[in-house]
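Chemist: Starting off with a structure, shown below.
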Amino acid sequence: MPVSVNISHVVKTFGEFTALKDVSIDIRPGELFFLLGPSGCGKTTLLRSIAGFYTPDSGTISIGERDVTRLPPHRRDTGMMFQSYALWPHMTLEENVAFGLEMRKVGKAERNRLVTEALELVHLADRAKQRPNQLSGGQQQRVALARALVIKPQCLLLDEPLSNLDAKLRLEMRTDIRRICKDSGLTAIYVTHDQKEALSIADRLAVMHSGVVEQIGTPAEVYRNPTNRFVAGFIGEGNFFEGVVATANGTGLEINTPYGDFIAARRNVKFSAGDRATLCIRPETIRFDPPPPGAPNRIETTVKGHVYLGEIAQRTLLAAAKNGTAPLELKAFEINPQTDTLPEGSAVTCWVAPEQIIVTGEDTV
């Protein structure tokens, strides 16, 4: 039966450094939940606190109905998958997977049954007698996952499990990990700094920065409605405009910037006329086709350069400014590009639909 994980007001310090600052997260039963953020943001410290390797200075951690804040790791009923495979090279795959069961003194017949089940789950049952050095990196990572799952943990903890794999294997293992977690009916908590990894397989995610949880939501919610500039810039790419709110009403905002006036149809925080605001325009939302008559959010630009990638072209644009402000460099992604239509140095008017403009408020990071 999947369990919830509740992290409530957790603080963790190392000397003078505060790694976790009053962190609270509720993880739902059976959820594949990601802790995402740059190096040093606190995500691994939080995972290790859930595992029992660190004890919080204050706050509580519960797995299911149990308060595990001060329990040792072996009493928390969690399975851990580390960055390194940490497989015993002199043991066969089945011996590696069985190791945790032997430590728990599980009988031989039951142990064999559970090991077979775990290896079948990761599609390696036919290689049970082989040793780790006979496998690819992705296969070794699946063995490490089987070893974490075989003890039937209530919660699976994954610490950047794909960081040692090449790009092609990482892509393959993303879907494998999601399938295995869902087939096992586990609650899983997954640490990564890779935004694409999180966006592609998470049920929900928490973006962390400097020991603080900046936002929690589904991948689509966090990507499309980031709460601040840090989240907008960390999840995906963005072009940022600083401006002042001219009007604010129930249908949206009008914001004046040095690069033009923009109409935004959505926002995450309340604004009034005169407030400073930060606009985020995703590169893929910039349009090069003729805008509808009277459409707002036109940007006068000069093409600085481009990279042709077949299905898309990455355009670098310089947005013209008024009042002597320097041009702003923008990144735009053009789908199914015609390579000869926007030569370098040419002037082009592009536009953005009001519902595609993200307004996050003044940057506080």
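Residue numbers start at 1 in each chain; chains themselves are named A, B, ... in the order of the structure tokens; ligands are numbered from 1 in the order shown.
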As a VMD selection string, please: the residues near Met80 (chain A) (cut-off 7 Å, only C-alpha atoms, same-chain neighbours under 4 positions excluded).

Modeler: chain A and resid 148 156 to 158

Chemist: Per residue of region 210-251 of chain A within 12 Å of region 278-297 of chain A, what are the shortest atom pair and its distance in Å to one decimal, counting only C-alpha atoms, with rows by chain and residue number, as a tab-separated table?

Modeler:
residue	atom	partner	partner_atom	distance
A:Tyr223	CA	A:Arg282	CA	9.7
A:Arg224	CA	A:Arg282	CA	9.2
A:Asn225	CA	A:Cys280	CA	10.1
A:Pro226	CA	A:Cys280	CA	9.4
A:Thr227	CA	A:Thr278	CA	11.0
A:Asn228	CA	A:Thr278	CA	8.6
A:Arg229	CA	A:Thr278	CA	7.4
A:Phe230	CA	A:Cys280	CA	10.8
A:Val231	CA	A:Cys280	CA	10.7
A:Ala232	CA	A:Cys280	CA	7.1
A:Gly233	CA	A:Cys280	CA	8.5
A:Phe234	CA	A:Cys280	CA	11.9
A:Ile235	CA	A:Arg282	CA	10.5
A:Gly236	CA	A:Arg282	CA	8.0
A:Glu237	CA	A:Arg282	CA	6.1
A:Gly238	CA	A:Arg282	CA	4.6
A:Asn239	CA	A:Ile281	CA	5.1
A:Phe240	CA	A:Cys280	CA	4.7
A:Phe241	CA	A:Leu279	CA	5.0
A:Glu242	CA	A:Thr278	CA	4.8
A:Gly243	CA	A:Thr278	CA	6.3
A:Val244	CA	A:Thr278	CA	8.5
A:Val245	CA	A:Thr278	CA	9.7

Chemist: Smallest atom-to-atom distance to Leu186 (chain A): which of A:Ser49, A:Thr78, A:Asn323, A:Thr44, using only C-alpha atoms?

Modeler: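 Checking each of A:Ser49, A:Thr78, A:Asn323, A:Thr44 against Leu186 (chain A), counting only C-alpha atoms, the winner is A:Thr78.
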
Chemist: Where in region 79-304 of chain A does DSSP assign strand (DSSP E or B), given as an MDAnalysis selection string?

Modeler: chainID A and resid 79:81 155:159 187:192 204:209 212:217 239:249 252:257 260:264 276:281 287 298:304

Chemist: Out of A:Leu93, A:Lys108, A:Gly37, A:His9, which residue has the shortest atom-to-atom distance to Ile61 (chain A) when counting only C-alpha atoms?

Modeler: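 Between A:Leu93, A:Lys108, A:Gly37, A:His9, the residue approaching Ile61 (chain A) most closely is A:His9.
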
Chemist: Measuring atom to atom with only C-alpha atoms, identify which of A:Ile50, A:Val115, A:Leu171, A:Ala198 is nearest to Asp77 (chain A).

Modeler: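 Checking each candidate against Asp77 (chain A), we get A:Ile50 as the closest.
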
Chemist: So which residues touch Val97 (chain A) within 10 Å, counting only C-alpha atoms, skipping near sequence neighbours fewer than 4 positions away, as a PyMOL selection string?

Modeler: chain A and resi 87-88+91-93+101-102+111-112+114-116+118-119+128+143-151

Chemist: Do a neighbour search on Gly138 (chain A) at 7 Å with only C-alpha atoms, toss out local chain neighbours closer than 2 positions, and write the hits as a count of residues only.

Modeler: 7

Chemist: I'd like the contact shell of Phe262 (chain A) - 8 Å cut-off, only C-alpha atoms, skipping same-chain residues fewer than 5 positions apart - returned as a list in words.

Modeler: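 Surrounding residues, per the criterion: Glu254, Ile255, Asn256, Thr257, Pro296, Asn297 and Pro354 of chain A.
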
Chemist: Considering only C-alpha atoms, tabulate each residue of region 137-210 of chain A that lies at most 12 Å from region 2-6 of chain A along with its nearest interatomic pair and the corresponding distance in Å to one decimal; arrange the rows by chain and ascending residue number and present them as a Markdown table.

Modeler:
| residue | atom | partner | partner_atom | distance |
| --- | --- | --- | --- | --- |
| A:Lys152 | CA | A:Pro2 | CA | 11.0 |
| A:Pro153 | CA | A:Pro2 | CA | 9.7 |
| A:Gln154 | CA | A:Val3 | CA | 6.4 |
| A:Cys155 | CA | A:Val3 | CA | 7.3 |
| A:Leu156 | CA | A:Pro2 | CA | 10.6 |
| A:Leu157 | CA | A:Val5 | CA | 11.4 |
| A:Cys181 | CA | A:Pro2 | CA | 10.9 |
| A:Lys182 | CA | A:Pro2 | CA | 10.4 |
| A:Asp183 | CA | A:Pro2 | CA | 11.6 |
| A:Ser184 | CA | A:Pro2 | CA | 9.3 |
| A:Gly185 | CA | A:Pro2 | CA | 6.1 |
| A:Leu186 | CA | A:Pro2 | CA | 5.5 |
| A:Thr187 | CA | A:Pro2 | CA | 5.8 |
| A:Ala188 | CA | A:Pro2 | CA | 9.5 |
| A:Ile189 | CA | A:Val5 | CA | 9.3 |

Chemist: Print the selection's residues with C-alpha atoms to a file, as an mmCIF file, in the first residue's frame.

Modeler:
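Generated file (out.cif):
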data_model
loop_
_atom_site.group_PDB
_atom_site.id
_atom_site.type_symbol
_atom_site.label_atom_id
_atom_site.label_comp_id
_atom_site.auth_asym_id
_atom_site.auth_seq_id
_atom_site.Cartn_x
_atom_site.Cartn_y
_atom_site.Cartn_z
ATOM 1 C CA LYS A 152 9.702 -4.040 -0.401
ATOM 2 C CA PRO A 153 10.263 -0.519 0.976
ATOM 3 C CA GLN A 154 7.376 1.817 1.674
ATOM 4 C CA CYS A 155 9.309 4.632 0.016
ATOM 5 C CA LEU A 156 12.029 4.622 -2.656
ATOM 6 C CA LEU A 157 14.696 7.363 -2.536
ATOM 7 C CA CYS A 181 8.083 2.830 -9.774
ATOM 8 C CA LYS A 182 4.483 2.756 -10.992
ATOM 9 C CA ASP A 183 4.453 -1.020 -11.446
ATOM 10 C CA SER A 184 5.776 -1.384 -7.884
ATOM 11 C CA GLY A 185 3.108 0.918 -6.468
ATOM 12 C CA LEU A 186 5.749 2.845 -4.559
ATOM 13 C CA THR A 187 6.013 6.371 -3.300
ATOM 14 C CA ALA A 188 9.289 7.582 -4.797
ATOM 15 C CA ILE A 189 11.336 10.720 -4.098
#

Chemist: How would you write, as a PyMOL selection string, the set of residues in region 82-128 of chain A that DSSP gives as helix (DSSP H, G or I)?

Modeler: chain A and resi 93-103+108-121+125-127

Chemist: Please produce a file of the residues just selected, as a short mmCIF file (atom, residue, chain, number, x, y, z; two decimals), in the first residue's frame, where the atoms kept are N, CA and C atoms.

Modeler:
data_model
loop_
_atom_site.label_atom_id
_atom_site.label_comp_id
_atom_site.auth_asym_id
_atom_site.auth_seq_id
_atom_site.Cartn_x
_atom_site.Cartn_y
_atom_site.Cartn_z
N LEU A 93 24.44 -10.98 -10.25
CA LEU A 93 23.34 -10.03 -10.10
C LEU A 93 22.38 -10.48 -9.01
N GLU A 94 22.02 -11.75 -8.99
CA GLU A 94 21.07 -12.21 -7.98
C GLU A 94 21.66 -12.11 -6.59
N GLU A 95 22.98 -12.31 -6.45
CA GLU A 95 23.61 -12.17 -5.14
C GLU A 95 23.63 -10.72 -4.69
N ASN A 96 23.87 -9.80 -5.62
CA ASN A 96 23.82 -8.38 -5.30
C ASN A 96 22.42 -7.97 -4.82
N VAL A 97 21.43 -8.43 -5.55
CA VAL A 97 20.05 -8.06 -5.22
C VAL A 97 19.63 -8.68 -3.89
N ALA A 98 20.13 -9.89 -3.61
CA ALA A 98 19.73 -10.61 -2.39
C ALA A 98 20.39 -10.08 -1.13
N PHE A 99 21.40 -9.22 -1.27
CA PHE A 99 22.22 -8.84 -0.12
C PHE A 99 21.37 -8.25 1.03
N GLY A 100 20.47 -7.33 0.69
CA GLY A 100 19.65 -6.71 1.74
C GLY A 100 18.73 -7.70 2.42
N LEU A 101 18.25 -8.69 1.65
CA LEU A 101 17.39 -9.71 2.24
C LEU A 101 18.17 -10.61 3.20
N GLU A 102 19.41 -10.90 2.84
CA GLU A 102 20.25 -11.71 3.73
C GLU A 102 20.50 -10.99 5.04
N MET A 103 20.73 -9.67 4.97
CA MET A 103 20.94 -8.89 6.19
C MET A 103 19.70 -8.90 7.07
N LYS A 108 15.75 -18.72 2.63
CA LYS A 108 16.28 -18.90 1.28
C LYS A 108 15.19 -18.97 0.22
N ALA A 109 14.14 -19.72 0.46
CA ALA A 109 13.09 -19.87 -0.55
C ALA A 109 12.40 -18.53 -0.82
N GLU A 110 12.07 -17.83 0.24
CA GLU A 110 11.44 -16.51 0.08
C GLU A 110 12.40 -15.53 -0.57
N ARG A 111 13.66 -15.62 -0.19
CA ARG A 111 14.68 -14.73 -0.75
C ARG A 111 14.79 -14.94 -2.27
N ASN A 112 14.83 -16.20 -2.68
CA ASN A 112 14.94 -16.49 -4.11
C ASN A 112 13.73 -15.97 -4.89
N ARG A 113 12.56 -16.13 -4.29
CA ARG A 113 11.34 -15.66 -4.94
C ARG A 113 11.36 -14.14 -5.11
N LEU A 114 11.75 -13.42 -4.06
CA LEU A 114 11.77 -11.95 -4.11
C LEU A 114 12.83 -11.43 -5.07
N VAL A 115 13.97 -12.12 -5.11
CA VAL A 115 15.03 -11.70 -6.03
C VAL A 115 14.58 -11.88 -7.48
N THR A 116 13.95 -13.00 -7.77
CA THR A 116 13.45 -13.25 -9.12
C THR A 116 12.42 -12.19 -9.51
N GLU A 117 11.50 -11.87 -8.59
CA GLU A 117 10.49 -10.85 -8.86
C GLU A 117 11.14 -9.51 -9.18
N ALA A 118 12.15 -9.13 -8.37
CA ALA A 118 12.80 -7.84 -8.55
C ALA A 118 13.55 -7.77 -9.88
N LEU A 119 14.24 -8.84 -10.25
CA LEU A 119 14.97 -8.86 -11.52
C LEU A 119 14.02 -8.89 -12.71
N GLU A 120 12.88 -9.55 -12.55
CA GLU A 120 11.88 -9.53 -13.62
C GLU A 120 11.32 -8.12 -13.81
N LEU A 121 11.14 -7.41 -12.72
CA LEU A 121 10.60 -6.05 -12.78
C LEU A 121 11.50 -5.13 -13.59
N ALA A 125 15.94 -10.73 -15.42
CA ALA A 125 15.89 -12.06 -14.80
C ALA A 125 16.72 -13.08 -15.57
N ASP A 126 16.84 -12.90 -16.89
CA ASP A 126 17.59 -13.86 -17.70
C ASP A 126 19.11 -13.71 -17.55
N ARG A 127 19.55 -12.68 -16.80
CA ARG A 127 20.99 -12.45 -16.63
C ARG A 127 21.39 -12.57 -15.17
#

Chemist: Which value, in Å to one decimal, gives the distance between CA of His209 (chain A) and CA of Gln83 (chain A)?

Modeler: 21.0 Å

Chemist: Would you mind reading off the distance between CA of His123 (chain A) and CA of Thr175 (chain A), one decimal, in Å?

Modeler: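 Separation of CA of His123 (chain A) and CA of Thr175 (chain A): 13.3 Å.
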
Chemist: List the spatial neighbours of Arg76 (chain A) as number ranges by chain - criterion: any atom at most 10 Å away, only C-alpha atoms, same-chain residues fewer than 2 positions off excluded.

Modeler: A: 50-52, 62-63, 66-74, 78-79, 153-155

Chemist: How would the residues just picked look written out with C-alpha atoms as a compact mmCIF listing (two decimals), in the first residue's frame?

Modeler:
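Written file, selection_39.txt:
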# COMPACT_ATOMS: atom_id res chain seq x y z
CA ILE A 50 14.29 11.49 4.81
CA ALA A 51 16.59 8.44 4.58
CA GLY A 52 17.89 8.96 8.13
CA SER A 62 6.73 11.22 8.71
CA ILE A 63 6.43 8.20 6.41
CA ARG A 66 5.08 6.97 11.57
CA ASP A 67 7.20 9.87 12.77
CA VAL A 68 10.66 8.77 11.57
CA THR A 69 12.54 12.01 12.34
CA ARG A 70 14.93 10.35 14.77
CA LEU A 71 14.79 6.74 13.67
CA PRO A 72 17.98 5.17 12.24
CA PRO A 73 17.96 4.44 8.48
CA HIS A 74 17.36 0.69 8.82
CA THR A 78 13.01 3.03 2.73
CA GLY A 79 15.10 1.85 -0.23
CA PRO A 153 10.26 -0.52 0.98
CA GLN A 154 7.38 1.82 1.67
CA CYS A 155 9.31 4.63 0.02

Chemist: Taking 2 positions as the minimum chain separation for residues in the same chain, which residues sit within 8 Å of Tyr190 (chain A) when counting only C-alpha atoms? Answer as JSON, numbers by chain.

Modeler: {"A": [32, 33, 34, 35, 157, 158, 159, 160, 188, 192]}

Chemist: Return the single residue from A:Ile335, A:Val23, A:Ala321, A:Ile299 that is closest to Ala347 (chain A), with distances computed using only C-alpha atoms.

Modeler: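 Closest candidate: A:Ile299.
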